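Asker: Below is one structure. I have some questions about it.
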Amino acid sequence: MSKLLDDMNALAAEISVCRDCMLHLTRDKSVPGEGNVRTKILFIGEGPGANENATGRPFVGQAGNFLNQLLAIAQVKRQEVFITNVVKCRPPSNRDPLPEELSACSKFLNRQIELINPLIIVTLGRFSMARYFPLQRISSIHGQGLWVNDRLIIPMFHPAAALHQPSLRAAIEHDFSLIPGYLEQAKERFDPKPVIEEKPAEAPKPDNSAPAEPDTGEAAQLSLF
Ligand code: URA
């Protein structure tokens with residue numbers, strides 16, 4: 001196992017015995033997050049619901065099924081990305097996480113971000129958006145990739161909210177379709193392609209020109225690693 005995976009597993013073990021806020025009193029399982037620790041894309045949701053509390057896995061209920069559909073729109077496989085939440089234990093009756101719970105849990109999310117060091121972060125819902133844009137409204141900035149400390153942050157509506165409101169559903173589906181472009185933009189910032197000087201085109205010589213490459217029709221694949 002790699003050191004990175006060891007460190008992430010050690011963090012998950014720490015989260016499972018954390019008692020730094022009241023949520024530990026009502027949890028069955030903590031939900032540290034799951035996925036590929038070497039991904040370029042990190043998704044941050046709000047907090048575990050009933051299904052997540054029972055299984056210890058993020059986004060496994062109805063919102064999770066919808067998230068899976070959205071990931072397909074973004075052309076990424078769930079096992080290729082990392083998915084976590086701002087709070088790692090379920091708020092009772094799915095209430096909003098309290099400021100003291102968010103603040104007690106933020107050290108874990110900070111360490112996850114440090115370990116994964118993703119190129120882009122997709123925030124799902126207002127609580128994860130507020131980590132980066134505390135004064136913004138999600139209805140104004142959803143789907144817009146914004147640079148924060150050299151990382152592209154893309155605030156999205158929460159899948160659970162979008163599931164129940166048709167207008168938000170269309171918006172979140174469109175926003176997820178922008179992810180491949182944002183990933184390219186972020187890759188380009190850190191690994192710019194060399195600028196190739198354009199030379200004036202020479203007239204083709206018909207007798208010694210190379211045969212054209214056949215078009216295989218294959219779409220370009222996204223590389224997440
Ligand atoms: N499941 C999660 O893990 N997080 C959410 O924000 C919603 C459902």
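In the structure tokens, the first chain shown is A, the next is B, and so on; residue numbers restart at 1 for each chain, and ligands run from 1 in the order shown.
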Set the distance at 9 Å and use only C-alpha atoms: which residues neighbour stretch 182-191 of chain A once local chain neighbours fewer than 2 positions away are removed? I'd like the list as a list in words.

Answerer: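 Listing them by chain and then by number gives Lys40, Ile41, Leu119, Ile120, Gly145, Arg151, Leu152, Ile154, Leu178, Ile179, Pro180, Lys193, Leu222 and Leu224 of chain A.
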
Asker: Residues at most 7 Å from ligand 1, using only C-alpha atoms and all ligand atoms? Could they come as an mmCIF file with N, CA, C and O atoms, in the first residue's frame?

Answerer:
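Output (pocket-v7.cif):
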data_model
loop_
_atom_site.group_PDB
_atom_site.id
_atom_site.type_symbol
_atom_site.label_atom_id
_atom_site.label_comp_id
_atom_site.auth_asym_id
_atom_site.auth_seq_id
_atom_site.Cartn_x
_atom_site.Cartn_y
_atom_site.Cartn_z
ATOM 1 N N GLY A 45 -19.423 17.178 -0.371
ATOM 2 C CA GLY A 45 -20.851 17.345 -0.081
ATOM 3 C C GLY A 45 -21.051 17.963 1.285
ATOM 4 O O GLY A 45 -20.154 18.591 1.858
ATOM 5 N N GLU A 46 -22.259 17.738 1.812
ATOM 6 C CA GLU A 46 -22.638 18.390 3.074
ATOM 7 C C GLU A 46 -22.354 17.488 4.278
ATOM 8 O O GLU A 46 -21.474 17.776 5.077
ATOM 9 N N GLY A 47 -23.091 16.405 4.379
ATOM 10 C CA GLY A 47 -22.884 15.494 5.509
ATOM 11 C C GLY A 47 -23.655 14.218 5.265
ATOM 12 O O GLY A 47 -24.553 14.183 4.416
ATOM 13 N N PRO A 48 -23.324 13.170 6.024
ATOM 14 C CA PRO A 48 -23.997 11.882 5.831
ATOM 15 C C PRO A 48 -25.490 11.975 6.143
ATOM 16 O O PRO A 48 -25.902 12.723 7.028
ATOM 17 N N GLY A 49 -26.291 11.209 5.402
ATOM 18 C CA GLY A 49 -27.705 11.009 5.729
ATOM 19 C C GLY A 49 -27.867 9.628 6.350
ATOM 20 O O GLY A 49 -26.869 9.005 6.772
ATOM 21 N N GLU A 52 -25.915 6.731 4.610
ATOM 22 C CA GLU A 52 -24.462 6.896 4.777
ATOM 23 C C GLU A 52 -24.070 6.549 6.218
ATOM 24 O O GLU A 52 -23.059 5.893 6.463
ATOM 25 N N ARG A 57 -20.425 4.953 4.050
ATOM 26 C CA ARG A 57 -19.997 5.396 2.709
ATOM 27 C C ARG A 57 -20.753 6.660 2.290
ATOM 28 O O ARG A 57 -21.952 6.777 2.586
ATOM 29 N N PRO A 58 -20.083 7.588 1.588
ATOM 30 C CA PRO A 58 -20.754 8.822 1.192
ATOM 31 C C PRO A 58 -21.666 8.623 -0.014
ATOM 32 O O PRO A 58 -21.404 7.777 -0.868
ATOM 33 N N PHE A 59 -22.725 9.410 -0.063
ATOM 34 C CA PHE A 59 -23.608 9.473 -1.235
ATOM 35 C C PHE A 59 -24.023 8.081 -1.726
ATOM 36 O O PHE A 59 -23.725 7.693 -2.854
ATOM 37 N N VAL A 60 -24.714 7.330 -0.847
ATOM 38 C CA VAL A 60 -25.202 6.008 -1.276
ATOM 39 C C VAL A 60 -26.727 5.942 -1.339
ATOM 40 O O VAL A 60 -27.279 4.937 -1.753
ATOM 41 N N GLY A 61 -27.423 7.025 -0.927
ATOM 42 C CA GLY A 61 -28.894 7.027 -0.996
ATOM 43 C C GLY A 61 -29.355 7.570 -2.338
ATOM 44 O O GLY A 61 -28.658 7.467 -3.350
ATOM 45 N N ALA A 63 -29.705 10.678 -3.280
ATOM 46 C CA ALA A 63 -28.820 11.744 -3.785
ATOM 47 C C ALA A 63 -27.576 11.120 -4.417
ATOM 48 O O ALA A 63 -27.029 11.636 -5.397
ATOM 49 N N GLY A 64 -27.148 9.992 -3.849
ATOM 50 C CA GLY A 64 -25.974 9.297 -4.381
ATOM 51 C C GLY A 64 -26.241 8.721 -5.760
ATOM 52 O O GLY A 64 -25.380 8.784 -6.650
ATOM 53 N N THR A 84 -16.212 13.280 -0.483
ATOM 54 C CA THR A 84 -16.293 13.407 0.965
ATOM 55 C C THR A 84 -17.316 14.486 1.324
ATOM 56 O O THR A 84 -18.064 14.952 0.457
ATOM 57 N N ASN A 85 -17.358 14.863 2.592
ATOM 58 C CA ASN A 85 -18.346 15.827 3.088
ATOM 59 C C ASN A 85 -17.684 16.813 4.046
ATOM 60 O O ASN A 85 -16.617 16.514 4.597
ATOM 61 N N ALA A 160 -29.230 16.540 -3.893
ATOM 62 C CA ALA A 160 -30.528 16.271 -3.253
ATOM 63 C C ALA A 160 -31.508 17.402 -3.536
ATOM 64 O O ALA A 160 -32.697 17.157 -3.796
#

Asker: If you run DSSP over the backbone, which residues in stretch 41-181 of chain A end up alpha helix (DSSP H)? Put them as a PyMOL selection string.

Answerer: chain A and resi 50-55+62-73+99-116+126-132+138-141+159-164+166-177+179-181

Asker: Excluding A:Arg169 and its own-chain neighbours fewer than 3 positions away, which residues fall within 12 Å of it when counting only C-alpha atoms? Please give them as a PyMOL selection string.

Answerer: chain A and resi 63+66-67+69-70+156-166+172-176

Asker: Just want the 6 Å neighbourhood of A:Thr123, counted on only C-alpha atoms, with same-chain residues fewer than 6 positions away dropped. Output as a PyMOL selection string.

Answerer: chain A and resi 43-44+129+155-156

Asker: Mind checking which residues fall within 12 Å of stretch 1-5 of chain A, counting only C-alpha atoms, ignoring those fewer than 6 positions away in the same chain, and posting them as a VMD selection string?

Answerer: chain A and resid 11 to 12 34 to 39 111 to 117

Asker: Mind checking DSSP for stretch 25-84 of chain A and telling me the strand (DSSP E or B) residues as a list of chain:residue names?

Answerer: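 Taking stretch 25-84 of chain A and keeping strand (DSSP E or B) gives A:Glu34, A:Gly35, A:Ile41, A:Leu42, A:Phe43, A:Ile44, A:Gly45, A:Phe82, A:Ile83, A:Thr84.
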
Asker: Now that the selection is made, can you save its residues with C-alpha atoms as a PDB file, in the first residue's frame?

Answerer:
ATOM      1  CA  GLU A  34     -14.014   7.292  -0.360  1.00  0.00           C
ATOM      2  CA  GLY A  35     -12.453   7.065  -3.774  1.00  0.00           C
ATOM      3  CA  ILE A  41     -11.071  15.920  -8.823  1.00  0.00           C
ATOM      4  CA  LEU A  42     -12.396  16.111  -5.255  1.00  0.00           C
ATOM      5  CA  PHE A  43     -16.143  16.364  -4.558  1.00  0.00           C
ATOM      6  CA  ILE A  44     -17.245  17.818  -1.223  1.00  0.00           C
ATOM      7  CA  GLY A  45     -20.851  17.345  -0.081  1.00  0.00           C
ATOM      8  CA  PHE A  82     -12.709  11.152  -4.266  1.00  0.00           C
ATOM      9  CA  ILE A  83     -16.002  12.039  -2.556  1.00  0.00           C
ATOM     10  CA  THR A  84     -16.293  13.407   0.965  1.00  0.00           C
TER      11      THR A  84
END

Asker: Between A:Arg90, A:Leu109, A:Lys77, A:Met22, single out the one closest to A:Asn53, counting only C-alpha atoms.

Answerer: A:Arg90

Asker: For A:Cys89, work out the shell of residues within 12 Å, counting only C-alpha atoms and skipping chain neighbours fewer than 6 positions away, then give it as a PyMOL selection string.

Answerer: chain A and resi 12+15-33+46-58+95-97+101-102+104-105+108

Asker: Could you write out that same residue set with C-alpha atoms as an mmCIF file, in the first residue's frame?

Answerer:
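Result saved to again.cif:
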data_model
loop_
_atom_site.group_PDB
_atom_site.id
_atom_site.type_symbol
_atom_site.label_atom_id
_atom_site.label_comp_id
_atom_site.auth_asym_id
_atom_site.auth_seq_id
_atom_site.Cartn_x
_atom_site.Cartn_y
_atom_site.Cartn_z
ATOM 1 C CA ALA A 12 -10.312 7.674 8.528
ATOM 2 C CA ILE A 15 -12.362 10.279 12.299
ATOM 3 C CA SER A 16 -14.077 7.076 13.454
ATOM 4 C CA VAL A 17 -13.147 7.748 17.104
ATOM 5 C CA CYS A 18 -13.491 11.551 17.011
ATOM 6 C CA ARG A 19 -15.526 13.118 19.818
ATOM 7 C CA ASP A 20 -14.890 16.748 19.011
ATOM 8 C CA CYS A 21 -18.562 17.636 18.482
ATOM 9 C CA MET A 22 -21.966 16.358 19.553
ATOM 10 C CA LEU A 23 -22.529 14.414 16.317
ATOM 11 C CA HIS A 24 -20.444 11.531 17.672
ATOM 12 C CA LEU A 25 -23.219 10.804 20.191
ATOM 13 C CA THR A 26 -25.762 9.866 17.518
ATOM 14 C CA ARG A 27 -23.592 8.362 14.780
ATOM 15 C CA ASP A 28 -23.600 4.689 13.883
ATOM 16 C CA LYS A 29 -20.732 4.953 11.420
ATOM 17 C CA SER A 30 -18.607 7.944 10.598
ATOM 18 C CA VAL A 31 -18.302 8.661 6.864
ATOM 19 C CA PRO A 32 -14.761 9.803 6.114
ATOM 20 C CA GLY A 33 -15.137 9.713 2.321
ATOM 21 C CA GLU A 46 -22.638 18.390 3.074
ATOM 22 C CA GLY A 47 -22.884 15.494 5.509
ATOM 23 C CA PRO A 48 -23.997 11.882 5.831
ATOM 24 C CA GLY A 49 -27.705 11.009 5.729
ATOM 25 C CA ALA A 50 -29.388 7.868 7.060
ATOM 26 C CA ASN A 51 -27.965 5.487 4.427
ATOM 27 C CA GLU A 52 -24.462 6.896 4.777
ATOM 28 C CA ASN A 53 -24.660 6.681 8.595
ATOM 29 C CA ALA A 54 -25.652 3.010 8.278
ATOM 30 C CA THR A 55 -22.987 2.046 5.716
ATOM 31 C CA GLY A 56 -20.084 4.420 6.418
ATOM 32 C CA ARG A 57 -19.997 5.396 2.709
ATOM 33 C CA PRO A 58 -20.754 8.822 1.192
ATOM 34 C CA ARG A 95 -30.668 18.953 9.894
ATOM 35 C CA ASP A 96 -28.105 21.483 8.680
ATOM 36 C CA PRO A 97 -24.675 21.101 10.292
ATOM 37 C CA GLU A 101 -19.765 21.035 14.017
ATOM 38 C CA LEU A 102 -18.394 22.477 10.776
ATOM 39 C CA ALA A 104 -14.687 20.897 14.648
ATOM 40 C CA CYS A 105 -14.668 18.778 11.469
ATOM 41 C CA PHE A 108 -10.188 16.505 8.740
#

Asker: Quick one: of A:Ile153, A:Val122, A:Ala72, A:Ser167, who's nearest to A:Ser139, counting only C-alpha atoms?

Answerer: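 Selected residue with least distance to A:Ser139: A:Ser167.
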
Asker: Quick one, how far is atom CA of A:Asp7 from atom CA of A:Ser103?

Answerer: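 A separation of 21.8 Å between them.
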
Asker: Taking into account only C-alpha atoms, which residue in the set A:Asn65, A:Asn149, A:Gln144, A:Asn110 is nearest to A:Val86?

Answerer: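 Checking each of A:Asn65, A:Asn149, A:Gln144, A:Asn110 against A:Val86, counting only C-alpha atoms, the winner is A:Asn110.
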